[in-house]
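Peer 1: For reference, this is run_29.cif, and it has mmCIF, C-alpha atoms.
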```cif
data_protein
#
loop_
_atom_site.label_atom_id
_atom_site.label_comp_id
_atom_site.auth_asym_id
_atom_site.auth_seq_id
_atom_site.Cartn_x
_atom_site.Cartn_y
_atom_site.Cartn_z
CA MET A 219 12.60 -32.88 64.43
CA GLY A 220 13.43 -33.15 68.05
CA ASP A 221 15.82 -30.21 68.30
CA GLU A 222 13.95 -28.07 65.79
CA SER A 223 12.98 -24.76 67.34
CA ASN A 224 9.57 -23.20 67.03
CA GLU A 225 11.07 -20.53 64.77
CA ASP A 226 12.40 -23.18 62.38
CA VAL A 227 8.99 -24.81 62.26
CA ASP A 228 7.32 -21.49 61.60
CA ASP A 229 9.85 -20.68 58.89
CA ARG A 230 9.39 -24.02 57.17
CA ALA A 231 5.62 -23.73 57.40
CA ARG A 232 5.80 -20.25 55.94
CA ARG A 233 7.93 -21.46 53.03
CA GLU A 234 5.57 -24.37 52.39
CA PHE A 235 2.60 -22.02 52.55
CA HIS A 236 4.15 -19.64 50.02
CA GLN A 237 5.20 -22.52 47.81
CA ARG A 238 1.68 -23.93 47.84
CA ARG A 239 0.19 -20.49 47.25
CA ARG A 240 2.42 -19.98 44.22
CA GLU A 241 1.29 -23.33 42.85
CA VAL A 242 -2.40 -22.60 43.41
CA MET A 243 -2.21 -19.02 42.20
CA GLY A 244 -0.20 -20.16 39.25
CA GLU A 245 -3.13 -22.31 38.19
CA ILE A 246 -5.55 -19.44 38.53
CA TYR A 247 -3.24 -16.81 37.14
CA PRO A 248 -0.96 -18.53 34.67
CA GLU A 249 2.45 -17.12 34.08
CA ASP A 250 2.58 -13.90 32.14
CA PRO A 251 3.14 -14.42 28.44
CA PRO A 252 6.62 -13.63 27.23
CA PRO A 253 7.13 -9.88 26.99
CA ARG A 254 5.98 -8.55 23.62
CA LYS A 255 7.58 -5.18 24.04
CA GLY A 256 10.15 -5.88 21.34
CA VAL A 257 7.61 -6.99 18.78
CA GLN A 258 5.21 -4.15 19.54
CA GLY A 259 8.12 -1.74 19.65
CA VAL A 260 9.15 -2.60 16.10
CA GLY A 261 5.57 -2.10 14.91
CA TRP A 262 5.14 1.22 16.69
CA ASN A 263 8.54 2.43 15.51
CA PHE A 264 7.55 1.51 11.97
CA LEU A 265 4.34 3.50 12.26
CA ALA A 266 6.21 6.44 13.77
CA GLY A 267 8.74 6.44 10.93
CA LEU A 268 6.02 6.09 8.31
CA LEU A 269 3.88 8.88 9.75
CA LEU A 270 6.81 11.22 10.26
CA GLY A 271 8.09 10.58 6.73
CA VAL A 272 4.68 11.13 5.13
CA LEU A 273 4.08 14.21 7.30
CA VAL A 274 7.38 15.74 6.17
CA SER A 275 6.44 15.03 2.54
CA VAL A 276 3.02 16.64 3.02
CA VAL A 277 4.59 19.73 4.57
CA VAL A 278 7.25 20.01 1.85
CA TRP A 279 5.18 19.21 -1.24
CA ILE A 280 1.88 20.80 -0.27
CA PHE A 281 2.53 23.61 2.18
CA GLY A 282 6.04 24.41 1.00
CA TRP A 283 5.39 24.04 -2.72
CA ASP A 284 4.83 27.75 -3.39
CA SER A 285 8.31 28.53 -2.08
CA ILE A 286 9.94 25.53 -3.78
CA ALA A 287 8.40 26.37 -7.15
CA GLN A 288 10.16 29.76 -7.10
CA SER A 289 13.59 28.18 -6.71
CA PRO A 290 15.87 28.08 -9.78
CA HIS A 291 17.20 24.74 -8.51
CA ILE A 292 13.80 23.07 -8.33
CA GLU A 293 14.86 20.02 -10.36
CA TYR A 294 17.72 19.30 -7.98
CA PHE A 295 15.28 19.56 -5.10
CA MET A 296 12.79 17.18 -6.76
CA TRP A 297 15.48 14.49 -6.74
CA GLY A 298 17.46 15.62 -3.73
CA PHE A 299 14.66 15.55 -1.19
CA PRO A 300 13.58 11.91 -1.73
CA ILE A 301 17.19 10.76 -2.08
CA ALA A 302 18.10 12.45 1.22
CA LYS A 303 15.14 10.74 2.89
CA LEU A 304 16.14 7.42 1.33
CA LEU A 305 19.74 7.67 2.55
CA GLY A 306 18.57 8.76 6.01
CA ALA A 307 16.20 5.79 6.21
CA ILE A 308 18.87 3.32 5.11
CA GLY A 309 21.27 4.75 7.70
CA ILE A 310 18.70 4.41 10.49
CA ILE A 311 17.91 0.81 9.51
CA PHE A 312 21.47 -0.13 10.49
CA VAL A 313 20.77 0.99 14.08
CA PRO A 314 19.17 -2.16 15.54
CA ARG A 315 16.96 -0.34 18.06
CA LEU A 316 15.64 2.02 15.38
CA ARG A 317 15.24 -0.52 12.59
CA GLY A 318 11.43 -0.34 12.62
CA PHE A 319 11.57 3.45 12.44
CA GLY A 320 13.98 3.27 9.52
CA ILE A 321 11.79 0.81 7.63
CA GLY A 322 8.80 3.11 8.16
CA LEU A 323 10.80 6.05 6.84
CA LEU A 324 11.90 3.94 3.86
CA VAL A 325 8.30 3.05 3.02
CA SER A 326 7.34 6.73 3.31
CA VAL A 327 9.86 7.56 0.56
CA ALA A 328 8.05 5.29 -1.89
CA ILE A 329 4.62 6.50 -0.76
CA GLY A 330 5.75 10.11 -1.10
CA ALA A 331 7.05 9.41 -4.60
CA LEU A 332 3.74 7.80 -5.53
CA ILE A 333 1.55 10.54 -4.08
CA PHE A 334 3.55 13.63 -4.94
CA GLY A 335 5.08 12.46 -8.23
CA PHE A 336 2.52 14.62 -10.04
CA LYS A 337 4.47 17.65 -8.86
CA ALA A 338 7.12 16.54 -11.35
CA ILE A 339 4.70 17.12 -14.21
CA THR A 340 3.87 20.54 -12.78
CA THR A 341 7.57 21.27 -12.62
CA CYS A 342 8.03 20.34 -16.26
CA LYS A 343 5.13 22.60 -17.21
CA VAL A 344 6.64 25.39 -15.10
CA ALA A 345 9.96 24.82 -16.80
CA MET B 820 -18.97 21.29 -10.39
CA GLN B 821 -15.56 22.43 -11.59
CA PHE B 822 -12.73 19.99 -12.34
CA PRO B 823 -10.18 19.71 -10.82
CA TYR B 824 -12.09 20.07 -7.58
CA TYR B 825 -9.55 21.45 -5.12
CA PHE B 826 -9.83 21.08 -1.36
CA HIS B 827 -8.86 24.05 0.78
CA LEU B 828 -7.01 23.90 4.08
CA PHE B 829 -5.46 26.84 5.97
CA GLY B 830 -5.58 28.94 2.83
CA HIS B 831 -3.82 26.29 0.70
CA ALA B 832 -5.49 24.71 -2.31
CA LEU B 833 -4.94 20.96 -1.97
CA HIS B 834 -4.85 18.85 -5.10
CA PRO B 835 -7.70 16.32 -4.94
CA HIS B 836 -5.52 13.47 -6.19
CA ALA B 837 -2.92 13.96 -3.45
CA VAL B 838 -5.58 14.27 -0.74
CA MET B 839 -7.54 11.19 -1.80
CA GLU B 840 -4.41 9.14 -2.40
CA LEU B 841 -3.12 10.00 1.05
CA LEU B 842 -6.49 9.00 2.49
CA ALA B 843 -6.45 5.80 0.43
CA TYR B 844 -3.06 4.70 1.78
CA THR B 845 -3.93 5.70 5.34
CA ILE B 846 -7.33 4.01 5.50
CA GLY B 847 -6.16 0.97 3.52
CA PHE B 848 -3.18 0.46 5.83
CA GLN B 849 -5.29 0.88 8.97
CA PHE B 850 -7.76 -1.68 7.62
CA TYR B 851 -4.89 -4.05 6.89
CA LEU B 852 -3.66 -3.71 10.48
CA LEU B 853 -7.18 -4.36 11.76
CA LEU B 854 -7.51 -7.54 9.67
CA ARG B 855 -4.06 -8.66 10.75
CA ARG B 856 -4.97 -8.28 14.43
CA ARG B 857 -8.23 -10.20 13.95
CA ARG B 858 -6.60 -13.06 12.08
CA VAL B 859 -6.73 -16.27 14.07
CA GLN B 860 -3.90 -18.08 12.29
CA PRO B 861 -0.36 -17.10 13.15
CA THR B 862 0.84 -14.34 10.91
CA VAL B 863 4.29 -13.64 9.56
CA PRO B 864 6.62 -12.23 12.27
CA ILE B 865 6.37 -8.47 12.40
CA GLU B 866 9.87 -7.60 11.19
CA LYS B 867 9.67 -9.98 8.24
CA ASN B 868 6.25 -8.54 7.50
CA LEU B 869 7.69 -5.04 7.43
CA TRP B 870 10.25 -6.10 4.84
CA ILE B 871 7.43 -7.62 2.79
CA ILE B 872 5.65 -4.24 2.97
CA VAL B 873 8.87 -2.58 1.79
CA GLY B 874 8.97 -5.02 -1.15
CA ALA B 875 5.31 -4.35 -1.93
CA ILE B 876 5.53 -0.57 -1.87
CA PHE B 877 8.80 -0.26 -3.78
CA GLY B 878 7.63 -2.89 -6.27
CA ALA B 879 4.42 -0.90 -6.68
CA LEU B 880 6.38 2.32 -7.19
CA ILE B 881 8.68 0.82 -9.83
CA GLY B 882 5.89 -1.10 -11.58
CA SER B 883 3.53 1.86 -11.70
CA LYS B 884 6.18 4.17 -13.14
CA ILE B 885 7.53 1.75 -15.75
CA LEU B 886 4.06 0.89 -17.05
CA ALA B 887 3.12 4.58 -17.12
CA TRP B 888 6.19 5.33 -19.27
CA LEU B 889 5.37 2.43 -21.60
CA GLU B 890 1.71 3.43 -21.78
CA SER B 891 2.37 6.96 -22.99
CA PRO B 892 5.86 6.99 -24.51
CA GLN B 893 4.95 9.89 -26.81
CA GLU B 894 3.98 12.13 -23.85
CA TYR B 895 7.05 11.29 -21.79
CA GLY B 896 9.16 11.64 -24.91
CA ALA B 897 7.83 15.14 -25.50
CA VAL B 898 8.92 16.37 -22.07
CA PHE B 899 11.76 13.91 -21.70
CA GLY B 900 13.80 14.60 -18.63
CA THR B 901 14.59 12.90 -15.37
CA VAL B 902 12.05 14.97 -13.44
CA ALA B 903 9.26 14.17 -15.90
CA MET B 904 9.92 10.48 -15.27
CA LEU B 905 8.89 10.99 -11.63
CA GLY B 906 5.37 11.90 -12.70
CA GLY B 907 2.62 9.54 -13.80
CA LYS B 908 1.67 6.13 -12.51
CA THR B 909 -0.77 3.32 -13.13
CA ILE B 910 -2.66 1.11 -10.69
CA VAL B 911 -2.14 -1.95 -12.93
CA GLY B 912 1.62 -1.45 -12.87
CA GLY B 913 1.45 -0.81 -9.13
CA LEU B 914 -0.41 -4.04 -8.45
CA LEU B 915 1.80 -6.17 -10.69
CA GLY B 916 4.99 -4.52 -9.43
CA GLY B 917 3.80 -4.81 -5.83
CA TRP B 918 3.03 -8.50 -6.36
CA ALA B 919 6.50 -9.10 -7.78
CA GLY B 920 8.05 -7.04 -4.96
CA VAL B 921 6.29 -9.11 -2.32
CA GLU B 922 7.47 -12.37 -3.87
CA ILE B 923 11.06 -11.12 -4.03
CA ALA B 924 10.93 -9.87 -0.42
CA LYS B 925 9.41 -13.16 0.78
CA LYS B 926 12.21 -15.10 -0.85
CA ARG B 927 14.79 -12.78 0.75
CA VAL B 928 13.38 -13.08 4.28
CA GLY B 929 12.47 -16.77 3.98
CA VAL B 930 8.69 -16.55 4.22
CA THR B 931 6.85 -19.35 2.44
CA GLN B 932 3.30 -18.83 3.62
CA SER B 933 0.88 -16.80 1.54
CA THR B 934 0.39 -13.19 2.52
CA GLY B 935 -1.82 -11.78 -0.22
CA ASP B 936 -5.30 -12.52 1.14
CA LEU B 937 -4.95 -9.97 3.90
CA PHE B 938 -4.31 -7.26 1.31
CA VAL B 939 -7.49 -7.84 -0.75
CA TYR B 940 -9.97 -5.67 1.15
CA PRO B 941 -7.47 -2.90 2.03
CA LEU B 942 -6.55 -2.79 -1.68
CA ALA B 943 -10.21 -2.59 -2.68
CA ILE B 944 -10.82 0.29 -0.25
CA GLY B 945 -7.63 2.03 -1.38
CA ILE B 946 -8.50 1.75 -5.08
CA CYS B 947 -12.04 3.06 -4.50
CA ILE B 948 -10.84 6.08 -2.50
CA GLY B 949 -7.96 6.74 -4.88
CA ARG B 950 -10.27 6.71 -7.91
CA VAL B 951 -12.40 9.39 -6.26
CA GLY B 952 -9.24 11.52 -6.43
CA CYS B 953 -8.84 10.66 -10.12
CA PHE B 954 -12.48 11.61 -10.75
CA LEU B 955 -12.18 14.93 -8.90
CA THR B 956 -8.98 15.74 -10.83
CA GLY B 957 -10.80 15.46 -14.14
CA LEU B 958 -9.03 15.96 -17.46
CA PRO B 959 -5.43 16.37 -16.16
CA ASP B 960 -5.61 12.87 -14.65
CA HIS B 961 -6.03 11.10 -18.02
CA THR B 962 -8.32 8.47 -16.49
CA TYR B 963 -11.54 9.71 -18.06
CA GLY B 964 -13.46 7.87 -20.76
CA THR B 965 -14.33 8.66 -24.35
CA LEU B 966 -16.98 11.18 -25.36
CA THR B 967 -20.46 9.72 -25.09
CA GLN B 968 -24.14 10.62 -24.88
CA VAL B 969 -25.11 8.13 -22.15
CA PRO B 970 -27.35 9.74 -19.48
CA TRP B 971 -24.75 9.30 -16.74
CA ALA B 972 -21.94 10.94 -18.71
CA ILE B 973 -19.89 13.56 -16.88
CA ASN B 974 -18.64 16.79 -18.37
CA PHE B 975 -15.10 17.31 -17.13
CA GLY B 976 -14.86 20.50 -19.15
CA ASP B 977 -14.70 19.35 -22.77
CA GLY B 978 -18.02 17.58 -23.28
CA PRO B 979 -19.79 14.55 -21.75
CA ARG B 980 -17.51 11.58 -21.19
CA HIS B 981 -17.71 8.08 -19.74
CA PRO B 982 -16.87 8.44 -16.02
CA THR B 983 -14.57 5.41 -16.14
CA GLN B 984 -13.22 6.25 -12.66
CA LEU B 985 -16.74 5.73 -11.25
CA TYR B 986 -17.16 2.51 -13.25
CA GLU B 987 -13.99 1.24 -11.62
CA ILE B 988 -15.15 2.19 -8.12
CA ALA B 989 -18.44 0.37 -8.70
CA PHE B 990 -16.69 -2.72 -10.08
CA VAL B 991 -14.07 -2.96 -7.33
CA ALA B 992 -16.70 -2.48 -4.60
CA ALA B 993 -18.89 -5.18 -6.17
CA LEU B 994 -15.93 -7.54 -6.59
CA ALA B 995 -14.88 -7.07 -2.96
CA ILE B 996 -18.43 -7.67 -1.70
CA ILE B 997 -18.83 -10.81 -3.82
CA LEU B 998 -15.48 -12.18 -2.63
CA ALA B 999 -16.36 -11.34 0.98
CA LEU B 1000 -19.72 -13.10 0.72
CA ARG B 1001 -18.32 -16.16 -1.02
CA HIS B 1002 -15.02 -16.58 0.73
CA LYS B 1003 -15.16 -14.42 3.86
CA LEU B 1004 -11.78 -14.33 5.55
CA ALA B 1005 -11.30 -18.08 5.70
CA HIS B 1006 -8.97 -18.30 2.73
CA THR B 1007 -5.37 -18.00 3.68
CA ASN B 1008 -3.76 -19.73 0.75
CA GLY B 1009 -3.64 -16.77 -1.59
CA LYS B 1010 -6.70 -17.79 -3.61
CA LEU B 1011 -8.66 -14.72 -2.55
CA PHE B 1012 -5.87 -12.41 -3.65
CA ARG B 1013 -5.52 -14.12 -7.02
CA LEU B 1014 -9.26 -13.95 -7.64
CA PHE B 1015 -9.32 -10.25 -6.76
CA LEU B 1016 -6.28 -9.42 -8.85
CA GLY B 1017 -7.44 -11.50 -11.81
CA GLY B 1018 -10.93 -9.99 -11.68
CA TYR B 1019 -9.61 -6.45 -11.44
CA LEU B 1020 -7.12 -6.92 -14.28
CA LEU B 1021 -9.78 -8.41 -16.57
CA PHE B 1022 -11.98 -5.41 -15.79
CA ARG B 1023 -9.13 -3.05 -16.62
CA PHE B 1024 -8.53 -4.86 -19.89
CA GLY B 1025 -12.15 -4.21 -20.82
CA VAL B 1026 -12.63 -0.69 -19.49
CA GLU B 1027 -9.51 0.59 -21.23
CA PHE B 1028 -11.46 0.29 -24.51
CA LEU B 1029 -13.64 3.12 -23.17
CA LYS B 1030 -10.63 5.38 -22.66
CA PRO B 1031 -9.06 7.55 -25.34
CA SER B 1032 -5.63 6.11 -24.64
CA TYR B 1033 -2.74 5.31 -26.97
CA LYS B 1034 -3.40 1.82 -28.37
CA PRO B 1035 -0.68 1.04 -30.88
CA TYR B 1036 -0.38 -2.72 -30.29
CA PHE B 1037 -3.10 -4.37 -32.44
CA GLY B 1038 -5.62 -1.87 -31.07
CA VAL B 1039 -4.77 -2.36 -27.42
CA SER B 1040 -2.68 -0.31 -24.99
CA MET B 1041 0.30 -1.39 -22.93
CA ILE B 1042 -1.88 -1.34 -19.81
CA GLN B 1043 -4.23 -3.79 -21.50
CA ILE B 1044 -1.37 -6.10 -22.45
CA ALA B 1045 -0.03 -6.00 -18.88
CA SER B 1046 -3.55 -6.55 -17.50
CA LEU B 1047 -4.13 -9.57 -19.70
CA ILE B 1048 -0.78 -11.17 -18.86
CA GLY B 1049 -1.30 -10.46 -15.15
CA ALA B 1050 -4.84 -11.87 -15.19
CA ILE B 1051 -3.67 -15.07 -16.90
CA ILE B 1052 -0.93 -15.56 -14.30
CA ALA B 1053 -3.27 -14.76 -11.40
CA LEU B 1054 -6.15 -16.95 -12.55
CA LYS B 1055 -4.05 -19.83 -13.87
CA PRO B 1056 -5.35 -23.02 -12.24
CA ARG B 1057 -2.85 -24.36 -9.78
CA LYS B 1058 -2.57 -27.25 -7.40
CA GLU B 1059 -4.92 -26.78 -4.46
CA THR B 1060 -3.05 -26.19 -1.26
CA SER B 1061 -4.10 -26.46 2.32
CA ASP B 1062 -5.60 -23.49 4.12
CA GLN B 1063 -3.23 -24.20 6.95
CA PRO B 1064 -0.66 -21.55 7.69
CA GLY B 1065 2.58 -22.35 6.03
CA ALA B 1066 0.91 -23.54 2.89
CA THR B 1067 2.87 -22.50 -0.12
CA ASP B 1068 1.36 -21.73 -3.45
CA GLY B 1069 3.50 -19.01 -4.81
CA ARG B 1070 1.48 -16.24 -3.23
#
```
Would you encode the structure as structure tokens?
Peer 2:
Amino acid sequence: MGDESNEDVDDRARREFHQRRREVMGEIYPEDPPPRKGVQGVGWNFLAGLLLGVLVSVVVWIFGWDSIAQSPHIEYFMWGFPIAKLLGAIGIIFVPRLRGFGIGLLVSVAIGALIFGFKAITTCKVA
Amino acid sequence: MQFPYYFHLFGHALHPHAVMELLAYTIGFQFYLLLRRRRVQPTVPIEKNLWIIVGAIFGALIGSKILAWLESPQEYGAVFGTVAMLGGKTIVGGLLGGWAGVEIAKKRVGVTQSTGDLFVYPLAIGICIGRVGCFLTGLPDHTYGTLTQVPWAINFGDGPRHPTQLYEIAFVAALAIILALRHKLAHTNGKLFRLFLGGYLLFRFGVEFLKPSYKPYFGVSMIQIASLIGAIIALKPRKETSDQPGATDGR
């Protein structure tokens, strides 16, 4: 202690002060919970994929139906559109960062088939 | 009131069934997310849960289509073709297929805890909204009842009929309210889901007698057979399990 300069004392006191402050503040403000970005990200990506997929189906089957119904290849389109969406979704699922988005898109394929399947009956009647 | 009752948006006539079904899925899913957030017990990790949703929705798609084909083989036979097979669906097949899909997905991702209870109220809301679409569609939907003279009969265009879609809405709403009052959200062991499913399937078994559907199997339809089998499985007494998360009871 004898040959310790005033600066050393100040430095040590400062370190002790900060150490103590961290301890006290840590009690008041506990450590942040582990980041949930990944978990939330998957959920939000899922919703984004689901909404985008359903939106595309709405646009195609409702707003685009008049044009589609005129096509001579309508039956190919009835199968081709959902299959293209399905393959796209499966491809995206293999990209780890976009897995949630791909799952959402995949779910939208089934929802689209459930909601807009009645167009198939219309097609048969048209045919 | 004219049936089908089309909605109009930006100059496009929107089919009531598509509109109400879209609303049913959207509102039902949002309600599911709300219940999931409010749940105190730890839930299934999000990514595993998403795969369970995939199992549920694809199971529902496959189940609803297969049962629809079996229910009206003569109609699908008349317009037989791959595109015709895309049309038509049944809620009973959707529920049973969705249930099977969830169980398969849970096995695949290694989830043992029950997940069905959280789906009960979203399903009830979805069915009620979806049936409004069936009602507004009228005769083309094939969900109407037989001709009748009861005061509340609805004329869809060919005479007064039992509004079986409205009966179903009333029943499902009542069932959900009774379950909510009796069990609230405390049940996490799948019992709530089984009671809901069993109750709904028994109702469907009964109400199908009021529909002019194809009933070649000892006077009952394929939907009634599936409903009865599903109800027996759902309501079969089983060993009581703990309400603690992680409890396994097959649902």
Peer 1: Please identify every residue of chain B that has at least one atom no farther than 8 Å from an atom of chain A, counting only C-alpha atoms, and for each give the shortest atom pair and the distance in Å to one decimal, arranged by chain then increasing number, as a tab-separated table.
Peer 2:
```
residue	atom	partner	partner_atom	distance
B:His831	CA	A:Phe281	CA	7.0
B:Leu833	CA	A:Ile280	CA	7.0
B:His836	CA	A:Ile333	CA	7.9
B:Ala837	CA	A:Ile333	CA	5.7
B:Glu840	CA	A:Ile333	CA	6.3
B:Leu841	CA	A:Ile333	CA	7.0
B:Ile865	CA	A:Val257	CA	6.7
B:Glu866	CA	A:Val260	CA	7.0
B:Leu869	CA	A:Ile321	CA	7.1
B:Trp870	CA	A:Ile321	CA	7.6
B:Ile872	CA	A:Val325	CA	7.8
B:Val873	CA	A:Val325	CA	5.8
B:Ile876	CA	A:Ala328	CA	6.4
B:Phe877	CA	A:Ala328	CA	5.9
B:Leu880	CA	A:Ala328	CA	6.3
B:Val898	CA	A:Cys342	CA	7.1
B:Val902	CA	A:Ala338	CA	5.6
B:Ala903	CA	A:Ala338	CA	5.6
B:Met904	CA	A:Ala338	CA	7.7
B:Leu905	CA	A:Gly335	CA	5.3
B:Gly906	CA	A:Gly335	CA	4.5
B:Gly907	CA	A:Phe336	CA	6.3
B:Lys908	CA	A:Leu332	CA	7.5
```
Peer 1: If the PyMOL selection byres ((chain B and resi 892) around 12) were run on this exact file, what residues would it hold? Put them as a list in words.
Peer 2: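 Selected by the PyMOL selection byres ((chain B and resi 892) around 12) here: Lys884, Ile885, Leu886, Ala887, Trp888, Leu889, Glu890, Ser891, Gln893, Glu894, Tyr895, Gly896, Ala897, Val898, Phe899, Ala903, Met904, Gly907, Ser1032, Tyr1033, Lys1034, Pro1035, Ser1040 and Met1041 of chain B.
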Peer 1: Skipping near chain neighbours, those fewer than 6 positions away, what residues fall within 12 Å of B:Phe1012 using all atoms listed in the file, listed as a list in words?
Peer 2: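 The residues that qualify are Leu914, Trp918, Ser933, Thr934, Gly935, Asp936, Leu937, Phe938, Val939, Tyr940, Pro941, Leu942, Ala943, Leu994, Ala995, Leu998, Ala999, His1002, Leu1004, His1006, Gly1018, Tyr1019, Ala1050, Ala1053, Leu1054, Asp1068, Gly1069 and Arg1070 of chain B.
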Peer 1: Could you list, as a list of chain:residue names, every residue within 7 Å of B:Phe1024, counting all atoms listed in the file and ignoring same-chain residues fewer than 6 positions away?
Peer 2: B:Gln1043, B:Ser1046, B:Leu1047
Peer 1: For this file, the PyMOL selection byres ((chain B and resi 965-976) around 10) selects which residues, as an MDAnalysis selection string?
Peer 2: chainID B and resid 820:823 954:959 962:964 977:983 1027:1032
Peer 1: Give me, please, the distance in Å between atom CA of B:Gly929 and atom CA of B:Arg857, quoted to one decimal.
Peer 2: 23.9 Å
Peer 1: What does the distance from atom CA of B:Thr909 to atom CA of B:Ile1042 come to in Å, to one decimal?
Peer 2: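 Atom CA of B:Thr909 sits 8.2 Å away from atom CA of B:Ile1042.
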Peer 1: Tell me, in Å to one decimal, how far atom CA of A:Leu316 is from atom CA of B:Gly847.
Peer 2: 24.8 Å
Peer 1: Choose the residue, out of A:Leu304, A:Ile311, A:Ile286, A:Leu265, that has the smallest atom-to-atom separation from B:Gln849; count only C-alpha atoms.
Peer 2: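 Among the listed residues, the smallest separation from B:Gln849 belongs to A:Leu265.
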